[in-house]
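Okay, so here's the structure we're looking at.
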Amino acid sequence: MKTPIAEFCRDYAQQNKTRLHMPGHKGEGPMGAEAMDLTEVKGADFLYEAEGIIAESEANASQLFGSRKTFYSAGGSSQSIKAMCLLACQHWSRKNEGTPLLLAGRNAHKSFVQAAQLIGFDVEWMASEEDYSLCRCAISPDGLEMQLERVMSEGRRVAAVFVTSPDYLGNVLDIRGLAEVAHRYGTLLLVDNAHGAYLKFLEEDRHPMTLGADACADSAHKTLPVLTGGGYLHIGAGAPKGFEDGARDAMCLFGSTSPSYLVLQSLDLTNDWLEKTAPAAFSKTVERVNAMKTILTHEGLVLAGEEPLKLTVDCVASRVGSGLTFADRLRDFDIECEYADRDVVVLMFAPNNTDDDYQKLSIAVHMLMQVQRHIPESNLERPNFSGRLPERVVGPRGVLLRPTETVPVSDAAGRIAADVHIGCPPAVLPVVPGERVDRNAIAVMEYYGIQSISVLK
């Protein structure tokens, strides 16, 4: 597959031009990558007005992912999440008056809350249907149908449903079923697929574009060989006609007008890798991760989640103490995990992990379990937050311009939350901007080590 962005930048670097343009490093510097770091010179195209090499590369990505249209992001999936929320609100507003309403799983990334604040849409939160976990929000097609039926019976119309799948712990929702329900009720399904770009290239294609989502945001850099910040906004083949017409303007609204050409080249080059190498590489990696899961289970660890390339250790059920402590012990073996909290440790794998990586993890866990196998479970009870969301006082946008102060969580009861302060990425938010902090939310935050919170004065 052609890689037009990378080829242009390579040719430009080799021409030894006098660079009387940005960036200020002029192609020279200590990193060694400066020669390939360009701006929108003639022929380099413009990300938010793409008609040349960027448009060609995005078309290649669209073909690979099976989307109607794919747009590059140099600001990760955060930029794409905000843009697709805006597109959904714009689509809804063409035929409706008033404030658009989005139904959202409570484990939405903070960029979704920021989108609500910036765009001004209303949010109806969906609590998890199953046991509480900071990063998990289980939503079934039947559960979604009940939510939509309830909201619409009250005379309200839903602009879109927003869910996160896979979540940070490797739990995967029934995207096909959720899409069918959303469409039956005349609304859209938006998916934060930040952790699942690779799902398209497994033996069983499980990507949201294949399963019927109208739009999804992928963080390419999380699971593909792409530089940090590389991402996609995908528009589904079945999305409403014209849904993507304002996509470039939406992406520009939430991104820098000086996107990194190093990131764009990385996305471009990955297209060729996805076409030629990815299916076999991911198939092999899935086999290796499955084998590692068997080894860790044999050592006595209890695993959670079903995402193929993510290994989540339930440290509470495994009786190995806190996940934070277990992560520290792994660091003693020069192993750095993706995420850890009081309950879990999350390890992420990709085709670029080496034989040594797998062997080192196997040895480390074996040695750790010899000394930690008999550690009792914590006496600190995990709070149950499912179905018990705090009282909403104002919407997220209503607090954006009001004065705030930071207070200890222990002193926050009754105060109105003003910002998203959470100790991890996509998570079941104990309290979002505009909600009143209650004792249950305080218990959740204290359990997970959140010590302060921003509230309205």
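Ordering of the structure tokens sets the chain letters (A, B, ...), residue numbers begin anew at 1 in every chain, and ligands are numbered from 1 in the order given.
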
**Request:** as a PyMOL selection string, please: all residues of range 47-224 of chain A that backbone DSSP puts in alpha helix (DSSP H).
**Result:** chain A and resi 53-65+76-93+110-119+141-153+175-184+208-211+220-223

**Request:** Please identify which residues in range 310-433 of chain A DSSP calls strand (DSSP E) from the backbone, and express them as a PyMOL selection string.
**Result:** chain A and resi 310-314+339-340+344-348+404-408

Writer output for current selection, all heavy atoms, as a compact mmCIF listing (two decimals), in the first residue's frame:
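Final output, part.txt:
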# COMPACT_ATOMS: atom_id res chain seq x y z
N LYS A 310 -5.14 -7.89 26.24
CA LYS A 310 -5.01 -7.23 27.54
C LYS A 310 -5.09 -8.28 28.63
O LYS A 310 -5.93 -9.18 28.59
CB LYS A 310 -6.11 -6.19 27.71
CG LYS A 310 -5.92 -5.27 28.90
CD LYS A 310 -6.94 -4.14 28.85
CE LYS A 310 -6.55 -3.10 27.80
NZ LYS A 310 -7.54 -2.03 27.65
N LEU A 311 -4.21 -8.18 29.60
CA LEU A 311 -4.16 -9.12 30.71
C LEU A 311 -4.41 -8.34 31.99
O LEU A 311 -3.60 -7.52 32.39
CB LEU A 311 -2.79 -9.82 30.73
CG LEU A 311 -2.64 -11.09 31.55
CD1 LEU A 311 -1.44 -11.88 31.05
CD2 LEU A 311 -2.45 -10.76 33.02
N THR A 312 -5.57 -8.58 32.60
CA THR A 312 -5.97 -7.86 33.80
C THR A 312 -5.98 -8.80 34.99
O THR A 312 -6.71 -9.80 35.01
CB THR A 312 -7.37 -7.24 33.63
OG1 THR A 312 -7.35 -6.34 32.52
CG2 THR A 312 -7.78 -6.48 34.88
N VAL A 313 -5.15 -8.51 35.96
CA VAL A 313 -5.05 -9.33 37.17
C VAL A 313 -5.97 -8.75 38.24
O VAL A 313 -5.83 -7.58 38.62
CB VAL A 313 -3.60 -9.37 37.70
CG1 VAL A 313 -3.53 -10.22 38.97
CG2 VAL A 313 -2.65 -9.91 36.63
N ASP A 314 -6.92 -9.56 38.70
CA ASP A 314 -7.78 -9.18 39.82
C ASP A 314 -7.00 -9.50 41.09
O ASP A 314 -6.99 -10.63 41.57
CB ASP A 314 -9.09 -9.95 39.76
CG ASP A 314 -10.08 -9.50 40.84
OD1 ASP A 314 -9.63 -9.03 41.90
OD2 ASP A 314 -11.29 -9.65 40.63
N TYR A 339 -1.53 0.02 33.90
CA TYR A 339 -2.39 0.67 34.89
C TYR A 339 -2.49 -0.21 36.12
O TYR A 339 -2.48 -1.44 36.03
CB TYR A 339 -3.79 0.90 34.29
CG TYR A 339 -4.83 1.27 35.32
CD1 TYR A 339 -4.82 2.54 35.90
CD2 TYR A 339 -5.81 0.37 35.72
CE1 TYR A 339 -5.77 2.89 36.85
CE2 TYR A 339 -6.76 0.71 36.67
CZ TYR A 339 -6.74 1.98 37.23
OH TYR A 339 -7.66 2.32 38.17
N ALA A 340 -2.60 0.45 37.27
CA ALA A 340 -2.81 -0.28 38.52
C ALA A 340 -3.63 0.58 39.47
O ALA A 340 -3.47 1.81 39.51
CB ALA A 340 -1.49 -0.66 39.18
N VAL A 344 -6.71 -3.90 40.79
CA VAL A 344 -6.24 -4.61 39.60
C VAL A 344 -4.88 -4.10 39.12
O VAL A 344 -4.44 -3.01 39.47
CB VAL A 344 -7.25 -4.46 38.43
CG1 VAL A 344 -8.62 -5.02 38.81
CG2 VAL A 344 -7.36 -3.01 37.99
N VAL A 345 -4.27 -4.93 38.27
CA VAL A 345 -3.10 -4.54 37.48
C VAL A 345 -3.42 -4.89 36.03
O VAL A 345 -3.88 -6.00 35.74
CB VAL A 345 -1.82 -5.27 37.93
CG1 VAL A 345 -0.70 -5.09 36.92
CG2 VAL A 345 -1.38 -4.76 39.29
N VAL A 346 -3.19 -3.95 35.12
CA VAL A 346 -3.48 -4.15 33.71
C VAL A 346 -2.17 -4.18 32.91
O VAL A 346 -1.34 -3.27 33.03
CB VAL A 346 -4.40 -3.05 33.16
CG1 VAL A 346 -4.63 -3.23 31.66
CG2 VAL A 346 -5.73 -3.03 33.90
N LEU A 347 -2.00 -5.23 32.11
CA LEU A 347 -0.84 -5.38 31.25
C LEU A 347 -1.32 -5.44 29.80
O LEU A 347 -2.23 -6.20 29.48
CB LEU A 347 -0.08 -6.68 31.59
CG LEU A 347 0.30 -6.85 33.07
CD1 LEU A 347 0.82 -8.26 33.32
CD2 LEU A 347 1.35 -5.82 33.47
N MET A 348 -0.71 -4.64 28.93
CA MET A 348 -1.11 -4.60 27.53
C MET A 348 0.02 -5.15 26.65
O MET A 348 1.19 -4.85 26.86
CB MET A 348 -1.43 -3.16 27.11
CG MET A 348 -2.68 -2.59 27.77
SD MET A 348 -3.01 -0.87 27.31
CE MET A 348 -3.34 -1.03 25.54
N THR A 404 -14.20 28.31 41.38
CA THR A 404 -14.05 27.01 42.02
C THR A 404 -12.97 27.07 43.09
O THR A 404 -12.20 28.03 43.17
CB THR A 404 -13.67 25.92 40.99
OG1 THR A 404 -12.35 26.21 40.46
CG2 THR A 404 -14.67 25.86 39.86
N GLU A 405 -12.92 26.02 43.87
CA GLU A 405 -11.84 25.85 44.83
C GLU A 405 -11.58 24.36 44.99
O GLU A 405 -12.45 23.53 44.71
CB GLU A 405 -12.19 26.48 46.18
CG GLU A 405 -13.42 25.88 46.85
CD GLU A 405 -13.71 26.54 48.19
OE1 GLU A 405 -12.78 27.13 48.77
OE2 GLU A 405 -14.86 26.44 48.67
N THR A 406 -10.39 24.01 45.43
CA THR A 406 -10.04 22.62 45.66
C THR A 406 -10.09 22.34 47.15
O THR A 406 -9.51 23.07 47.95
CB THR A 406 -8.63 22.33 45.11
OG1 THR A 406 -8.61 22.59 43.70
CG2 THR A 406 -8.26 20.86 45.35
N VAL A 407 -10.80 21.26 47.50
CA VAL A 407 -10.96 20.90 48.91
C VAL A 407 -10.63 19.42 49.09
O VAL A 407 -10.67 18.64 48.13
CB VAL A 407 -12.41 21.15 49.39
CG1 VAL A 407 -12.78 22.63 49.22
CG2 VAL A 407 -13.40 20.27 48.64
N PRO A 408 -10.30 19.01 50.31
CA PRO A 408 -10.11 17.57 50.56
C PRO A 408 -11.41 16.82 50.30
O PRO A 408 -12.50 17.31 50.59
CB PRO A 408 -9.72 17.53 52.04
CG PRO A 408 -9.21 18.89 52.36
CD PRO A 408 -10.00 19.83 51.50

**Message:** Show me, as a list in words, the residues that have an atom within 8 Å of Ala215 in chain A when counting only C-alpha atoms, minus same-chain residues fewer than 6 positions from it.
**Reply:** Met84, Leu189, Leu190, Val191, Met209, Leu233, His234, Ile235, Gly236 and Ala239 of chain A

**Message:** When you look at Gln451 in chain A with a cut-off of 9 Å (counting only C-alpha atoms), what residues show up, excluding the ones that are within fewer than 2 positions of it in the same chain? I need them as a VMD selection string.
**Reply:** chain A and resid 407 to 410 445 to 446 448 to 449 453
